[in-house]
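The block underneath contains the structure these notes are about, expressed in structure tokens.
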Amino acid sequence: MNFIILFRVRFVFLLVTSTILTYSVQAQPKTVTILHTNDIHASFVPHEAFWIRGNSKPLVGGFNELAFAIDSICRLKPYTILIDDGDVMTGNPITEYIYQGAEGGALFEMMNRIGYDAWTQGNHDFDISVANLRQLTSITKFPTISANILDTLNRFPVNNKEYIILERNGLKIGIIGVISKDFYSLVNQNSQVGIKILPPIETVKRIADQLNPKVDILIALTHQGVEDDSILAMNVRDLDVIVGGHSHTRLRQPKVINGVIIVQAGSNCENLGVLDLTIENKKVNNYTGSLHQLWYNSDRPKTSLSLFIDSIKSKIDQDYAEIIGTLKTDWERGRGGESGIGNFIADAQREKAGADVGFMNSAGIRKDLASGPITKKDLFEILPFRNILTTFELTGRQVRTIVEFYIMQRSSIQTSGIKCEWRKGANGQIEFLSFLINGAPLDENRVYHGAANDYMMGEAKKYLGIDTPRLMYLNKTVLSVVEEKIRSMKEITSSIDQRIKNVQ
């Protein structure tokens with residue numbers, strides 16, 4: 001009897017001790033560091049810090065500086081995760097070079113060597129084609145996470161997964177990836193074929209419910225912008241962190257919405273985001289977040305990565321160094337409205353197509369250029385997208401509607417072939433004092449021919465305020481058309497002509 005009692009006492013003691021020890025181990029705070037990039041846009045080499053005043057601007061960014069920063073942080077903080085939020089592609093001629101069967105594949109080989117743990121696709125990663133993106137994801141040694149990208153048969157079309165679970169410092173970390181709900185208005189029509197996008201909020205909710213019991217913290221890796229990230233945080237209660245991209249927002253300090261920590265690191269590989277988390281009992285009880293500016297340092301020792309970068313850069317410099325013309329006045333995009341560079345590009349499209357009117361979406365012009373020589377590389381960085389020139393028919397009444405939409409909605413477009421003066425009447429309606437198409441008065445009953453890129457015309461409602469007309473695709477990219485015009489003119493002087501002028 002005494003033996004049985006003693007056994008029971010010892011069993012209860014061991015059970016209680018084990019429970020206390022287990023609880024103390026679980027309750028002990030643990031740390032993990034999230035390193036994050038987004039919207040790299042093929043910026044694998046340093047570029048000028050355009051925001052610095054003065055003629056001599058320091059260099060910033062590039063994959064070599066990124067790698068040194070990551071290595072330095074990992075020496076101090078061994079429990080790290082390195083993730084990217086998409087739009088690795090588009091912005092530099094490296095995306096034109098085939099590596100391991102994919103255009104732009106060298107970028108992802110560089111990311112392999114840097115040591116990424118995961119990424120999610122952005123809209124510009126679809127720019128070349130779905131097939132090319134699929135090949136890019138076969139190059140990566142890290143998983144592609146996109147829960148809401150499916151094909152029409154509900155399969156994952158670009159080697160993507162809904163989520164992954166990583167382990168660091170004894171913690172299980174769930175990561176869910178999603179792309180913007182606006183995919184169809186962000187991606188050219190050829191790259192949309194066969195792709196289905198699920199609603200991000202509902203998708204994250206569903207997977208969060210599934211993962212929450214299995215993980216210590218839950219991260220959403222998104223490419224949709226800070227505004228939509230905030231909405232996601234308000235609607236999914238189980239998330240701990242949102243690591244975002246798409247809006248190119250430099251969140252120098254994390255934003256907290258509904259208890260969810262939101263971070264984003266700007267764009268063009270200029271910053272590395274660093275988020276330190278302390279987790280206790282499956283909750284983040286402390287955090288610090290910052291951006292590490294990637295200033296170029298010419299004294300870095302050579303590595304296998306830097307040698308690989310140098311070899312690709314040398315090839316591009318050689319192939320794209322050709323001077324194709326001389327710019328006599330600066331090309332500046334301005335802050336919306338008409339610009340000299342926009343006028344030139346819209347004119348080039350209209351002239352090549354033999355059209356009456358031409359249009360260009362301002363956001364498709366990606367770089368300013370100071371007066372001086374124009375190289376092939378300069379032009380590529382101004383127009384990095386593979387947009388195709390299209391022609392279409394418009395009635396005179398539609399042309400008038402487009403200009404009214406431009407005025408009322410402040411639509412971000414550039415025009416060609418249109419010259420008009422307007423004012424607002426007493427009733428607030430637009431009154432045209434003159435309206436000319438190539439010097440002749442607008443005839444609302446006439447059929448005019450228009451020219452613009454295929455992406456813009458796929459979103460004609462957004463940019464022009466009309467339904468997308470039937471398009472005829474020409475065997476020319478906007479880039480090639482503009483290059484042809486530069487070469488033929490040799491010296492370029494662009495100006496703001498006040499093509500749509502308010503005379504109040």
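Every chain in the structure tokens takes a letter, A first, then B, and so on in the order presented; its residues are numbered from 1, and the ligands are numbered from 1 following the presented order.
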Please provide the set of residues having any atom within 8 Å of Ser362 in chain A, restricted to only C-alpha atoms, with same-chain residues fewer than 6 positions apart removed, written as a PyMOL selection string.
chain A and resi 333+336+342+412-414
Save out the residues we just selected, N, CA and C atoms, as a PDB file, in the first residue's frame.
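Result file follows (selection26.pdb):
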ATOM      1  N   ARG A 333       9.595  63.679 -66.960  1.00  0.00           N
ATOM      2  CA  ARG A 333       8.208  63.229 -66.973  1.00  0.00           C
ATOM      3  C   ARG A 333       7.277  64.174 -66.238  1.00  0.00           C
ATOM      4  N   GLY A 336       2.680  64.450 -63.671  1.00  0.00           N
ATOM      5  CA  GLY A 336       1.373  64.324 -64.298  1.00  0.00           C
ATOM      6  C   GLY A 336       1.209  65.406 -65.342  1.00  0.00           C
ATOM      7  N   GLY A 342       6.835  62.649 -73.046  1.00  0.00           N
ATOM      8  CA  GLY A 342       5.559  62.016 -73.369  1.00  0.00           C
ATOM      9  C   GLY A 342       5.073  62.397 -74.756  1.00  0.00           C
ATOM     10  N   SER A 412      -3.829  60.204 -66.581  1.00  0.00           N
ATOM     11  CA  SER A 412      -2.373  60.296 -66.744  1.00  0.00           C
ATOM     12  C   SER A 412      -1.964  59.737 -68.103  1.00  0.00           C
ATOM     13  N   ILE A 413      -2.239  60.539 -69.160  1.00  0.00           N
ATOM     14  CA  ILE A 413      -1.878  60.118 -70.512  1.00  0.00           C
ATOM     15  C   ILE A 413      -1.182  61.261 -71.241  1.00  0.00           C
ATOM     16  N   GLN A 414      -0.481  60.905 -72.313  1.00  0.00           N
ATOM     17  CA  GLN A 414       0.112  61.849 -73.243  1.00  0.00           C
ATOM     18  C   GLN A 414      -0.620  61.705 -74.572  1.00  0.00           C
TER      19      GLN A 414
END
Range 185-238 of chain A near range 255-258 of chain A within 10 Å: what's each residue's closest atom pair and its distance in Å to one decimal, counting only C-alpha atoms, ordered by chain then ascending residue number, as a Markdown table?
| residue | atom | partner | partner_atom | distance |
| --- | --- | --- | --- | --- |
| A:Val226 | CA | A:Lys255 | CA | 9.3 |
| A:Asp229 | CA | A:Ile257 | CA | 9.1 |
| A:Ser230 | CA | A:Ile257 | CA | 6.2 |
| A:Ile231 | CA | A:Ile257 | CA | 8.6 |
| A:Leu232 | CA | A:Ile257 | CA | 9.3 |
| A:Ala233 | CA | A:Ile257 | CA | 6.0 |
| A:Met234 | CA | A:Asn258 | CA | 5.7 |
| A:Asn235 | CA | A:Asn258 | CA | 8.8 |
| A:Val236 | CA | A:Asn258 | CA | 9.1 |
| A:Arg237 | CA | A:Asn258 | CA | 7.8 |
Determine, counting only C-alpha atoms, which protein, DNA and RNA residues have an atom within 7 Å of an atom of Trp119 in chain A; residues of the same chain fewer than 6 positions away are not included. Present the result as a PyMOL selection string.
chain A and resi 83-86+143-145
Need the shell around Lys490 in chain A: protein/DNA/RNA residues with any atom at most 9 Å away, counting only C-alpha atoms. Skip same-chain ones fewer than 3 positions apart. Format as a PyMOL selection string?
chain A and resi 324-327+485-487
Can you tell me how far CA of Ile176 in chain A sits from CA of Gln189 in chain A, in Å to one decimal?
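Here the two named atoms are 26.4 Å from each other.
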Pick the closest to Gly62 in chain A from A:Gln253, A:Ala131, A:Gly115, A:Asn297: which is it, counting only C-alpha atoms?
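So, comparing all the options, the nearest one is A:Asn297.
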Enumerate the residues of range 212-397 of chain A with a DSSP assignment of strand (DSSP E), computed from the backbone, and present them as a count of residues only.
60
Contacts of Ile466 in chain A at 12 Å or less, counting only C-alpha atoms, minus same-chain residues fewer than 2 places along, as a count of residues only?
24
Can you tell me which residues surround Ser416 in chain A at a distance of at most 6 Å, considering only C-alpha atoms, apart from same-chain residues fewer than 4 positions away, and format the answer as a PyMOL selection string?
chain A and resi 346-347+357-358
Do you know which residues are at most 9 Å from Arg300 in chain A counting only C-alpha atoms, after dropping those on the same chain fewer than 2 positions away, and could you put them as JSON, numbers by chain?
{"A": [64, 65, 68, 297, 298, 302, 303]}
Limited to N, CA and C atoms, could you put the picked residues into a file as a short mmCIF file (atom, residue, chain, number, x, y, z; two decimals), in the first residue's frame?
data_model
loop_
_atom_site.label_atom_id
_atom_site.label_comp_id
_atom_site.auth_asym_id
_atom_site.auth_seq_id
_atom_site.Cartn_x
_atom_site.Cartn_y
_atom_site.Cartn_z
N ASN A 64 25.23 43.16 -55.27
CA ASN A 64 26.45 42.95 -54.50
C ASN A 64 26.35 43.60 -53.13
N GLU A 65 25.88 44.86 -53.10
CA GLU A 65 25.69 45.54 -51.82
C GLU A 65 24.63 44.83 -50.98
N PHE A 68 26.26 41.78 -49.29
CA PHE A 68 27.12 42.13 -48.16
C PHE A 68 26.29 42.54 -46.94
N ASN A 297 29.77 50.67 -52.16
CA ASN A 297 31.13 50.73 -51.62
C ASN A 297 32.06 50.05 -52.61
N SER A 298 32.93 50.84 -53.24
CA SER A 298 33.80 50.30 -54.29
C SER A 298 34.91 49.41 -53.74
N LYS A 302 36.15 40.94 -54.00
CA LYS A 302 35.49 40.17 -55.04
C LYS A 302 34.99 38.84 -54.48
N THR A 303 33.83 38.44 -54.95
CA THR A 303 33.24 37.16 -54.58
C THR A 303 32.75 36.48 -55.85
#
Residues of range 355-407 of chain A in alpha helix (DSSP H), written as an NGL selection string
:A and (376-382 or 396-407)
Okay, now the selection with C-alpha atoms, as an mmCIF file, in the first residue's frame?
data_model
loop_
_atom_site.group_PDB
_atom_site.id
_atom_site.type_symbol
_atom_site.label_atom_id
_atom_site.label_comp_id
_atom_site.auth_asym_id
_atom_site.auth_seq_id
_atom_site.Cartn_x
_atom_site.Cartn_y
_atom_site.Cartn_z
ATOM 1 C CA LYS A 376 20.273 52.121 -76.308
ATOM 2 C CA LYS A 377 20.446 51.390 -72.582
ATOM 3 C CA ASP A 378 18.959 54.810 -71.737
ATOM 4 C CA LEU A 379 16.035 54.166 -74.057
ATOM 5 C CA PHE A 380 15.476 50.660 -72.686
ATOM 6 C CA GLU A 381 15.320 52.028 -69.141
ATOM 7 C CA ILE A 382 12.811 54.668 -70.289
ATOM 8 C CA GLY A 396 -14.864 62.010 -83.681
ATOM 9 C CA ARG A 397 -17.362 61.864 -80.838
ATOM 10 C CA GLN A 398 -15.155 59.314 -79.041
ATOM 11 C CA VAL A 399 -12.102 61.551 -79.490
ATOM 12 C CA ARG A 400 -14.033 64.368 -77.837
ATOM 13 C CA THR A 401 -15.086 62.013 -75.015
ATOM 14 C CA ILE A 402 -11.435 61.026 -74.472
ATOM 15 C CA VAL A 403 -10.335 64.651 -74.130
ATOM 16 C CA GLU A 404 -13.233 65.435 -71.768
ATOM 17 C CA PHE A 405 -12.275 62.409 -69.675
ATOM 18 C CA TYR A 406 -8.642 63.577 -69.633
ATOM 19 C CA ILE A 407 -9.689 67.012 -68.381
#
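Taking only C-alpha atoms into account, Gly334 in chain A lies nearest to A:Asp368 out of the set A:Asp216, A:Asp368, A:Asp127, A:Asp319.
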Would you work out the distance separating CA of Gly91 in chain A from CA of His41 in chain A, expressed in Å to one decimal?
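Computing the Euclidean distance for CA of Gly91 in chain A and CA of His41 in chain A yields 5.1 Å.
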